[in-house]
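So this one's final_18.tsv, TSV, C-alpha atoms:
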```
chain	number	residue	atom	x	y	z
A	24	MET	CA	25.09	-8.37	-7.89
A	25	THR	CA	23.08	-11.58	-7.53
A	26	ALA	CA	19.57	-12.19	-6.29
A	27	THR	CA	20.86	-13.02	-2.82
A	28	ASP	CA	22.72	-9.68	-2.72
A	29	LEU	CA	19.52	-7.65	-2.53
A	30	PRO	CA	19.75	-6.21	1.00
A	31	GLU	CA	15.98	-6.23	1.38
A	32	LEU	CA	15.79	-9.96	0.61
A	33	LEU	CA	18.66	-10.68	2.98
A	34	GLU	CA	16.93	-8.79	5.77
A	35	LEU	CA	13.67	-10.63	5.17
A	36	GLN	CA	15.46	-13.97	5.33
A	37	GLY	CA	17.00	-12.97	8.64
A	38	LEU	CA	13.63	-11.90	10.06
A	39	ALA	CA	12.06	-15.20	9.00
A	40	GLN	CA	14.79	-17.11	10.82
A	41	LEU	CA	14.40	-14.96	13.93
A	42	ALA	CA	10.61	-15.35	14.04
A	43	GLY	CA	10.81	-19.11	13.53
A	44	PRO	CA	7.46	-20.94	13.75
A	45	LEU	CA	5.65	-17.76	14.86
A	46	MET	CA	5.71	-16.42	11.28
A	47	GLU	CA	4.81	-18.30	8.10
A	48	GLN	CA	6.75	-17.62	4.89
A	49	ARG	CA	5.41	-18.35	1.41
A	50	VAL	CA	6.88	-18.05	-2.07
A	51	LEU	CA	4.00	-16.71	-4.17
A	52	CYS	CA	5.86	-16.81	-7.49
A	53	GLU	CA	9.31	-16.31	-8.98
A	54	VAL	CA	10.44	-13.76	-11.55
A	55	GLU	CA	13.56	-13.46	-13.69
A	56	ALA	CA	15.65	-10.37	-14.29
A	57	GLY	CA	19.05	-10.20	-15.93
A	58	GLY	CA	19.61	-13.93	-15.64
A	59	GLN	CA	18.71	-13.97	-11.93
A	60	ARG	CA	15.61	-15.51	-10.36
A	61	PHE	CA	13.85	-13.71	-7.53
A	62	PRO	CA	11.16	-15.00	-5.18
A	63	VAL	CA	8.08	-12.90	-4.49
A	64	LEU	CA	7.66	-13.58	-0.78
A	65	ALA	CA	4.79	-13.28	1.67
A	66	PHE	CA	4.95	-13.40	5.46
A	67	LEU	CA	1.99	-14.19	7.70
A	68	LEU	CA	1.43	-13.60	11.41
A	69	GLY	CA	-1.45	-14.08	13.81
A	70	SER	CA	-4.71	-15.98	13.77
A	71	ALA	CA	-5.53	-18.33	10.89
A	72	LYS	CA	-9.28	-18.09	11.61
A	73	PRO	CA	-11.19	-16.79	8.58
A	74	ASP	CA	-13.58	-14.67	10.65
A	75	VAL	CA	-10.99	-12.37	12.27
A	76	PRO	CA	-10.03	-8.97	10.79
A	77	ALA	CA	-6.86	-8.81	8.70
A	78	VAL	CA	-4.37	-6.20	7.54
A	79	GLY	CA	-2.01	-6.57	4.60
A	80	PHE	CA	1.15	-4.48	4.18
A	81	PHE	CA	2.69	-4.15	0.71
A	82	GLY	CA	5.82	-2.48	-0.61
A	83	GLY	CA	8.14	-2.40	-3.58
A	84	VAL	CA	5.44	-2.42	-6.26
A	85	HIS	CA	7.63	0.08	-8.13
A	86	GLY	CA	11.27	-0.94	-8.15
A	87	LEU	CA	12.59	2.63	-8.03
A	88	GLU	CA	10.72	3.35	-4.79
A	89	ARG	CA	12.92	1.43	-2.37
A	90	ILE	CA	11.65	3.47	0.56
A	91	GLY	CA	8.22	1.83	0.20
A	92	ALA	CA	9.74	-1.61	0.68
A	93	GLU	CA	11.93	-0.32	3.50
A	94	VAL	CA	8.98	1.13	5.43
A	95	THR	CA	7.08	-2.16	5.09
A	96	ILE	CA	10.10	-4.18	6.20
A	97	ALA	CA	10.72	-1.81	9.12
A	98	TYR	CA	7.24	-2.48	10.47
A	99	LEU	CA	7.63	-6.23	10.01
A	100	ARG	CA	10.97	-6.02	11.80
A	101	SER	CA	9.41	-4.21	14.77
A	102	LEU	CA	6.75	-6.93	15.07
A	103	VAL	CA	9.28	-9.75	14.87
A	104	MET	CA	11.44	-8.15	17.55
A	105	ARG	CA	8.40	-7.61	19.78
A	106	LEU	CA	7.45	-11.27	19.39
A	107	GLN	CA	10.49	-12.03	21.55
A	108	TRP	CA	9.15	-10.19	24.61
A	109	ASP	CA	5.74	-8.51	24.13
A	110	ASP	CA	2.84	-10.45	25.67
A	111	THR	CA	0.41	-7.74	24.55
A	112	LEU	CA	1.36	-8.37	20.92
A	113	HIS	CA	0.89	-12.12	21.35
A	114	ARG	CA	-2.63	-11.56	22.73
A	115	GLN	CA	-3.36	-9.13	19.89
A	116	LEU	CA	-2.31	-11.70	17.30
A	117	GLU	CA	-4.82	-14.18	18.68
A	118	THR	CA	-7.62	-12.04	17.24
A	119	ILE	CA	-6.13	-10.59	14.05
A	120	ARG	CA	-4.28	-11.68	10.90
A	121	LEU	CA	-1.28	-9.66	9.63
A	122	VAL	CA	0.20	-10.40	6.22
A	123	PHE	CA	3.11	-8.82	4.36
A	124	MET	CA	4.35	-8.62	0.77
A	125	PRO	CA	7.33	-6.31	1.29
A	126	LEU	CA	8.88	-6.79	-2.19
A	127	VAL	CA	6.13	-7.14	-4.76
A	128	ASN	CA	8.53	-6.28	-7.62
A	129	PRO	CA	11.98	-7.65	-6.69
A	130	GLY	CA	13.07	-7.75	-10.35
A	131	GLY	CA	12.34	-4.03	-10.74
A	132	LEU	CA	14.15	-3.33	-7.49
A	133	TRP	CA	17.21	-5.20	-8.74
A	134	LEU	CA	17.12	-3.45	-12.13
A	135	GLY	CA	16.38	-0.03	-10.61
A	136	THR	CA	13.23	0.46	-12.70
A	137	ARG	CA	9.70	1.50	-11.87
A	138	ALA	CA	8.30	-1.32	-14.01
A	139	ASN	CA	8.84	-5.04	-13.61
A	140	PRO	CA	11.44	-6.86	-15.77
A	141	ASN	CA	8.90	-7.07	-18.62
A	142	GLY	CA	8.56	-3.29	-18.66
A	143	VAL	CA	5.05	-3.33	-17.17
A	144	ASP	CA	3.99	-0.87	-14.49
A	145	LEU	CA	2.28	-3.21	-12.03
A	146	MET	CA	0.04	-0.45	-10.71
A	147	ARG	CA	-1.42	0.00	-14.21
A	148	ASN	CA	-1.75	-3.72	-14.92
A	149	ALA	CA	-5.23	-4.61	-13.65
A	150	PRO	CA	-8.23	-5.06	-15.99
A	151	VAL	CA	-9.88	-1.78	-14.94
A	152	GLU	CA	-10.70	0.82	-17.57
A	153	SER	CA	-11.52	4.42	-16.77
A	154	ARG	CA	-14.45	5.88	-18.68
A	155	GLU	CA	-13.29	9.35	-17.72
A	156	ARG	CA	-10.36	11.26	-19.10
A	157	VAL	CA	-6.98	10.19	-17.69
A	158	PRO	CA	-3.71	12.14	-18.08
A	159	TYR	CA	-1.67	11.16	-21.12
A	160	LEU	CA	0.85	8.38	-20.38
A	161	VAL	CA	0.67	8.85	-16.58
A	162	GLY	CA	-2.83	7.37	-16.53
A	163	GLY	CA	-1.57	4.19	-18.16
A	164	GLN	CA	-0.66	3.45	-21.78
A	165	ARG	CA	-0.40	0.46	-24.13
A	166	ILE	CA	1.86	2.12	-26.70
A	167	SER	CA	5.19	0.58	-25.71
A	168	ALA	CA	7.10	-0.91	-22.78
A	169	ALA	CA	9.86	1.56	-23.68
A	170	LEU	CA	7.67	4.33	-22.28
A	171	PRO	CA	6.76	4.66	-18.59
A	172	TRP	CA	3.37	3.62	-17.17
A	173	TYR	CA	3.01	0.75	-19.67
A	174	ARG	CA	-0.04	-1.38	-18.86
A	175	GLY	CA	0.91	-4.46	-20.86
A	176	ALA	CA	-0.54	-5.67	-24.15
A	177	HIS	CA	-4.30	-5.51	-24.58
A	178	GLY	CA	-5.88	-8.83	-23.62
A	179	ALA	CA	-2.67	-10.23	-22.09
A	180	PRO	CA	-2.89	-11.91	-18.69
A	181	MET	CA	-1.77	-9.96	-15.66
A	182	GLU	CA	1.94	-10.01	-14.88
A	183	PRO	CA	3.06	-12.74	-12.42
A	184	GLU	CA	3.69	-10.21	-9.64
A	185	SER	CA	0.29	-8.53	-10.10
A	186	ALA	CA	-1.52	-11.87	-10.28
A	187	ALA	CA	0.29	-13.09	-7.16
A	188	LEU	CA	-0.66	-9.97	-5.21
A	189	CYS	CA	-4.30	-10.23	-6.27
A	190	ALA	CA	-4.55	-13.93	-5.41
A	191	PHE	CA	-2.89	-13.29	-2.04
A	192	VAL	CA	-5.27	-10.43	-1.20
A	193	GLU	CA	-8.32	-12.41	-2.27
A	194	ALA	CA	-7.28	-15.34	-0.07
A	195	GLU	CA	-6.15	-13.38	2.99
A	196	LEU	CA	-8.06	-10.07	3.13
A	197	LEU	CA	-11.40	-10.43	1.33
A	198	GLY	CA	-14.51	-11.92	2.88
A	199	ARG	CA	-13.56	-10.96	6.44
A	200	PRO	CA	-15.48	-8.64	8.77
A	201	LEU	CA	-12.76	-6.10	7.92
A	202	GLY	CA	-9.74	-6.32	5.66
A	203	ILE	CA	-7.38	-3.37	5.22
A	204	ALA	CA	-4.54	-3.15	2.70
A	205	VAL	CA	-1.70	-0.65	3.10
A	206	ASP	CA	0.50	-0.18	0.01
A	207	CYS	CA	3.61	1.96	0.55
A	208	HIS	CA	4.84	4.20	-2.31
A	209	SER	CA	6.75	7.45	-2.77
A	210	GLY	CA	7.10	10.20	-5.31
A	211	PHE	CA	4.10	12.52	-5.20
A	212	GLY	CA	4.17	16.06	-3.85
A	213	LEU	CA	5.45	17.79	-0.74
A	214	SER	CA	3.04	16.06	1.66
A	215	ASP	CA	2.59	12.49	2.79
A	216	ARG	CA	-0.78	11.36	1.44
A	217	ILE	CA	-3.05	8.45	2.23
A	218	TRP	CA	-5.08	7.61	-0.86
A	219	PHE	CA	-8.11	5.38	-1.12
A	220	PRO	CA	-10.20	4.29	-4.14
A	221	PHE	CA	-11.04	5.21	-6.68
A	222	ALA	CA	-8.26	5.87	-9.17
A	223	HIS	CA	-10.32	5.09	-12.29
A	224	THR	CA	-13.30	7.35	-11.54
A	225	ALA	CA	-14.14	10.47	-9.59
A	226	ARG	CA	-17.23	8.81	-8.16
A	227	PRO	CA	-17.16	7.87	-4.46
A	228	MET	CA	-16.62	4.30	-3.31
A	229	ALA	CA	-19.44	2.27	-1.75
A	230	HIS	CA	-17.69	2.10	1.62
A	231	LEU	CA	-17.11	5.83	1.89
A	232	PRO	CA	-18.78	5.90	5.36
A	233	GLU	CA	-16.36	3.29	6.67
A	234	MET	CA	-13.40	5.11	5.16
A	235	HIS	CA	-14.45	8.40	6.72
A	236	ALA	CA	-14.95	6.75	10.11
A	237	LEU	CA	-11.41	5.38	9.90
A	238	CYS	CA	-10.11	8.84	9.01
A	239	GLU	CA	-12.00	10.33	11.96
A	240	ILE	CA	-10.37	8.05	14.51
A	241	LEU	CA	-6.99	8.69	12.86
A	242	ASP	CA	-7.47	12.45	13.19
A	243	GLY	CA	-8.52	12.05	16.81
A	244	THR	CA	-5.79	9.60	17.78
A	245	LEU	CA	-2.65	10.78	15.99
A	246	LEU	CA	-3.03	14.46	16.77
A	247	HIS	CA	-1.23	16.86	14.43
A	248	HIS	CA	-0.35	14.07	12.00
A	249	ARG	CA	1.04	15.20	8.66
A	250	TYR	CA	-1.03	12.98	6.37
A	251	VAL	CA	-3.41	14.29	3.72
A	252	LEU	CA	-6.26	11.76	3.49
A	253	GLU	CA	-8.17	11.77	0.21
A	254	PRO	CA	-9.46	9.68	-2.70
A	255	GLN	CA	-6.77	9.30	-5.35
A	256	SER	CA	-9.16	10.77	-7.91
A	257	ARG	CA	-8.66	14.21	-6.35
A	258	GLN	CA	-5.15	14.19	-7.84
A	259	TYR	CA	-5.42	12.21	-11.09
A	260	LEU	CA	-7.25	9.30	-12.71
A	261	ALA	CA	-5.64	6.15	-14.08
A	262	HIS	CA	-6.42	2.88	-15.82
A	263	GLY	CA	-5.50	-0.49	-14.37
A	264	ASP	CA	-5.19	0.29	-10.67
A	265	LEU	CA	-4.70	-2.96	-8.71
A	266	TRP	CA	-6.52	-1.69	-5.62
A	267	ASP	CA	-9.53	-0.51	-7.63
A	268	HIS	CA	-9.66	-3.98	-9.19
A	269	LEU	CA	-9.50	-5.73	-5.82
A	270	TYR	CA	-11.96	-3.37	-4.18
A	271	LEU	CA	-14.49	-3.91	-6.98
A	272	ARG	CA	-13.97	-7.66	-6.60
A	273	ALA	CA	-14.68	-7.39	-2.87
A	274	CYS	CA	-17.87	-5.39	-3.57
A	275	ARG	CA	-19.12	-8.08	-5.94
A	276	GLU	CA	-18.70	-10.70	-3.21
A	277	ALA	CA	-20.65	-8.43	-0.82
A	278	GLN	CA	-19.12	-10.07	2.25
A	279	GLY	CA	-17.34	-7.98	4.86
A	280	VAL	CA	-15.59	-4.65	4.35
A	281	PHE	CA	-12.36	-4.16	2.38
A	282	LEU	CA	-10.55	-0.82	2.65
A	283	PRO	CA	-7.42	-0.41	0.45
A	284	LEU	CA	-5.09	2.43	1.43
A	285	THR	CA	-2.02	3.74	-0.37
A	286	LEU	CA	0.65	5.62	1.53
A	287	GLU	CA	2.17	8.04	-0.98
A	288	MET	CA	5.23	9.54	0.67
A	289	GLY	CA	5.98	13.06	-0.56
A	290	SER	CA	9.44	12.71	-2.06
A	291	TRP	CA	9.45	16.29	-3.36
A	292	LEU	CA	10.11	17.37	0.23
A	293	TRP	CA	13.33	15.31	0.28
A	294	ILE	CA	14.39	16.97	-2.98
A	295	LYS	CA	13.56	20.40	-1.56
A	296	LYS	CA	15.86	19.73	1.40
A	297	ASN	CA	18.59	18.17	-0.77
A	298	PRO	CA	18.22	19.55	-4.35
A	299	ARG	CA	21.14	17.49	-5.66
A	300	GLN	CA	18.92	14.41	-5.42
A	301	ILE	CA	17.03	15.51	-8.52
A	302	PHE	CA	20.02	14.48	-10.64
A	303	SER	CA	19.72	10.88	-9.39
A	304	ARG	CA	17.00	8.58	-10.66
A	305	HIS	CA	16.74	7.01	-7.20
A	306	GLY	CA	16.95	10.41	-5.53
A	307	ILE	CA	13.65	11.49	-7.07
A	308	PHE	CA	11.83	8.77	-5.12
A	309	ASN	CA	13.94	8.06	-2.02
A	310	PRO	CA	15.64	9.98	0.81
A	311	MET	CA	19.36	9.77	0.03
A	312	ILE	CA	20.78	11.11	3.30
A	313	GLN	CA	20.92	8.48	6.06
A	314	HIS	CA	19.43	10.51	8.91
A	315	ARG	CA	16.53	11.57	6.68
A	316	GLN	CA	15.86	7.97	5.67
A	317	GLN	CA	15.86	6.94	9.34
A	318	ARG	CA	13.43	9.74	10.15
A	319	VAL	CA	11.06	8.58	7.39
A	320	LEU	CA	11.12	5.02	8.72
A	321	ARG	CA	10.39	6.21	12.27
A	322	THR	CA	7.63	8.55	11.14
A	323	HIS	CA	5.40	5.97	9.50
A	324	LEU	CA	5.67	3.11	12.01
A	325	GLY	CA	3.17	4.84	14.31
A	326	TRP	CA	0.60	5.05	11.52
A	327	LEU	CA	1.08	1.42	10.49
A	328	ASP	CA	0.62	0.33	14.10
A	329	PHE	CA	-2.50	2.51	14.34
A	330	ILE	CA	-3.98	0.66	11.34
A	331	THR	CA	-3.29	-2.70	13.01
A	332	ARG	CA	-5.00	-1.58	16.22
A	333	ALA	CA	-7.92	-0.06	14.35
A	334	ALA	CA	-8.54	-3.30	12.45
A	335	GLY	CA	-8.44	-5.33	15.65
A	336	SER	CA	-10.99	-3.00	17.29
A	337	HIS	CA	-13.20	-2.45	14.24
A	338	GLU	CA	-16.45	-3.21	16.09
A	339	ARG	CA	-15.97	-0.04	18.14
A	340	TRP	CA	-15.78	2.38	15.20
A	341	LEU	CA	-17.20	0.84	11.99
A	342	PRO	CA	-20.50	2.69	11.37
A	343	ALA	CA	-23.81	0.86	11.06
A	344	ASP	CA	-27.32	1.80	9.92
A	345	ALA	CA	-28.00	5.50	10.61
A	346	GLN	CA	-24.34	6.10	11.43
A	347	ARG	CA	-23.41	5.16	7.87
A	348	ALA	CA	-25.67	7.86	6.43
A	349	HIS	CA	-24.18	10.45	8.77
A	350	GLN	CA	-20.61	9.41	7.96
A	351	ARG	CA	-21.38	9.52	4.25
A	352	GLU	CA	-22.64	13.09	4.52
A	353	LEU	CA	-19.48	14.10	6.36
A	354	ALA	CA	-17.33	12.35	3.75
A	355	MET	CA	-19.14	13.97	0.83
A	356	ALA	CA	-18.65	17.39	2.39
A	357	ARG	CA	-14.98	16.66	3.05
A	358	TRP	CA	-13.95	15.15	-0.27
A	359	TYR	CA	-16.70	15.42	-2.90
A	360	ARG	CA	-18.41	18.76	-2.41
A	361	GLY	CA	-20.02	19.63	-5.74
A	362	VAL	CA	-18.79	16.45	-7.49
A	363	HIS	CA	-21.25	13.55	-7.12
A	364	ARG	CA	-24.09	12.81	-4.75
```
Rewrite the structure from the file as structure tokens, please.
Amino acid sequence: MTATDLPELLELQGLAQLAGPLMEQRVLCEVEAGGQRFPVLAFLLGSAKPDVPAVGFFGGVHGLERIGAEVTIAYLRSLVMRLQWDDTLHRQLETIRLVFMPLVNPGGLWLGTRANPNGVDLMRNAPVESRERVPYLVGGQRISAALPWYRGAHGAPMEPESAALCAFVEAELLGRPLGIAVDCHSGFGLSDRIWFPFAHTARPMAHLPEMHALCEILDGTLLHHRYVLEPQSRQYLAHGDLWDHLYLRACREAQGVFLPLTLEMGSWLWIKKNPRQIFSRHGIFNPMIQHRQQRVLRTHLGWLDFITRAAGSHERWLPADAQRAHQRELAMARWYRGVHR
């Protein structure tokens, strides 16, 4: 297999050709794996004005979790196809910015590893240290790249893929009236979860009112949805989370609102329905039966489109002044009862 044989890269190249001048493509960096060089690509749609809201969609941070990249690409594909005929989408894109990094870790995808080609888990690679107890290894370790969840050497610069993602987010999502990031993963539990910061501490984020307001309109709009919405800290703590790092950076700038979300698809459900998958390294993280994979792709497109619409209409639901205090009380009761006030 060569770099150009990666089906996800081939599909992205085809979508770029189909979209033509309506979609910008950038090469953020290149990485090497097994003698092959892979581009880390970004795709940009919509308004280039810096004062419009923006949403970023990310996938493939962990190479084993192909379904995360596939969900991200499926949503990009639907937008590109709609560009051919949908006037409503064209009007929507006049007032919003949509950006995509569907394959953050193409080298890991090609090698079939969670980590990048240097053995570093990109989601443990940011300079964020938890002062609270994290689970052994899973919370991030600096012992060896031969063990999973390796953070990289102490004091080393961030990996090229991590640095590219952070620079891209800082340029495209931060400092706007609202920026939302959606990072698609798999592998945790029997339910599909939507996580938000923090991962490095059990304390609530500064924009908890805004996060709860977003969750409220999700609950009211996508009735009977199957997502469990919660801070990641309710499940486990970790060092080096990229989204914690970027959120803290956005808070220091104190301009606009940045809400990072992680879609954590519950791959244990796929194993429950097809137990033989547990004997496959890829089967632990991805649906292996075609109709089940297609169902997963269909299921999440509605939520991704909801996020796009919510960002574009943020002035109608983002809380202000007294509303923020009320939303914070609701959020504390929902997620932090008895933890921190």
**OP:** Can you work out which one of A:Ala169, A:Ala97, A:Leu29, A:Met288 has the shortest atom-to-atom distance to A:Leu327, counting all atoms listed in the file?
**Re:** A:Ala97
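Atom CA of A:Thr136 sits 24.3 Å away from atom CA of A:Phe66.
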Subject >> Nearby residues (all atoms listed in the file) at most 8 Å from A:Ala77, same-chain spacing under 2 positions excluded, as JSON, numbers by chain >> reply: {"A": [75, 79, 119, 120, 121, 122, 195, 196, 199, 201, 202, 203, 334, 335]}
**OP:** Would you kindly return, as a ChimeraX atom specification, each protein, DNA or RNA residue with an atom no farther than 7 Å from any atom of A:Tyr173, considering all atoms listed in the file and excluding same-chain residues fewer than 4 positions away?
**Re:** /A:142-144,163-165,167-168
Original post:
A:Ala56, A:Met146, A:Leu286, A:Leu231: which is nearest A:Leu134, counting only C-alpha atoms?
Top reply: A:Ala56
Original post:
Can you tell me how far atom CA of A:Ala65 sits from atom CA of A:Arg49, in Å to one decimal?
Top reply: 5.1 Å
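Among the candidate residues A:Glu53, A:Val78, A:Ala92, A:Pro220, the one lying nearest to A:Glu182 is A:Glu53, with distances computed using only C-alpha atoms.
Residues in contact range of A:Gly162, defined as at most 6 Å between all atoms listed in the file, with sequence neighbours fewer than 2 positions away removed, read Val157, Pro158, Leu160, Ala261 and His262 of chain A.
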Original post:
Looking at A:Ala204, A:Leu246, A:Leu145, A:Val251, which one is nearest to A:Asp264, with distances taken over all atoms listed in the file?
Top reply: A:Leu145
Subject >> Length of the atom CA of A:Leu265 to atom CA of A:Ala149 vector [Å] >> reply: 5.2 Å
**OP:** Identify, on the basis of all atoms listed in the file, every residue whose closest approach to stretch 348-362 of chain A does not exceed 8 Å; exclude the query and any residue fewer than 2 positions from it along the same chain; express the result as a ChimeraX atom specification.
**Re:** /A:225-227,231-233,235-236,253-254,342,344-346,364
Using all atoms listed in the file, find all polymer residues with an atom at most 6 Å away from the point (12.6, -7.3, -3.2); report them as a PDB file with C-alpha atoms, keeping the file's coordinate frame.
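This is the output file out_20.pdb:
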```
ATOM      1  CA  GLU A  31      15.980  -6.230   1.380  1.00  0.00           C
ATOM      2  CA  LEU A  32      15.790  -9.960   0.610  1.00  0.00           C
ATOM      3  CA  LEU A 126       8.880  -6.790  -2.190  1.00  0.00           C
ATOM      4  CA  PRO A 129      11.980  -7.650  -6.690  1.00  0.00           C
TER       5      PRO A 129
END
```
Write out as an mmCIF file with C-alpha atoms, in the frame of the given file each polymer residue whose atoms come within 12 Å of A:Ala190, counting all atoms listed in the file; drop sequence neighbours fewer than 4 positions from it.
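Contents of part.cif, as written:
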```
data_model
loop_
_atom_site.group_PDB
_atom_site.id
_atom_site.type_symbol
_atom_site.label_atom_id
_atom_site.label_comp_id
_atom_site.auth_asym_id
_atom_site.auth_seq_id
_atom_site.Cartn_x
_atom_site.Cartn_y
_atom_site.Cartn_z
ATOM 1 C CA LEU A 51 4.000 -16.710 -4.170
ATOM 2 C CA CYS A 52 5.860 -16.810 -7.490
ATOM 3 C CA ALA A 65 4.790 -13.280 1.670
ATOM 4 C CA MET A 181 -1.770 -9.960 -15.660
ATOM 5 C CA PRO A 183 3.060 -12.740 -12.420
ATOM 6 C CA GLU A 184 3.690 -10.210 -9.640
ATOM 7 C CA SER A 185 0.290 -8.530 -10.100
ATOM 8 C CA ALA A 186 -1.520 -11.870 -10.280
ATOM 9 C CA ALA A 194 -7.280 -15.340 -0.070
ATOM 10 C CA GLU A 195 -6.150 -13.380 2.990
ATOM 11 C CA LEU A 196 -8.060 -10.070 3.130
ATOM 12 C CA LEU A 197 -11.400 -10.430 1.330
ATOM 13 C CA LEU A 265 -4.700 -2.960 -8.710
ATOM 14 C CA HIS A 268 -9.660 -3.980 -9.190
ATOM 15 C CA LEU A 269 -9.500 -5.730 -5.820
ATOM 16 C CA ARG A 272 -13.970 -7.660 -6.600
#
```
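Nearest to A:Thr322 of all the residues A:Arg60, A:Arg249, A:Arg257, A:Arg339 is A:Arg249, counting only C-alpha atoms.
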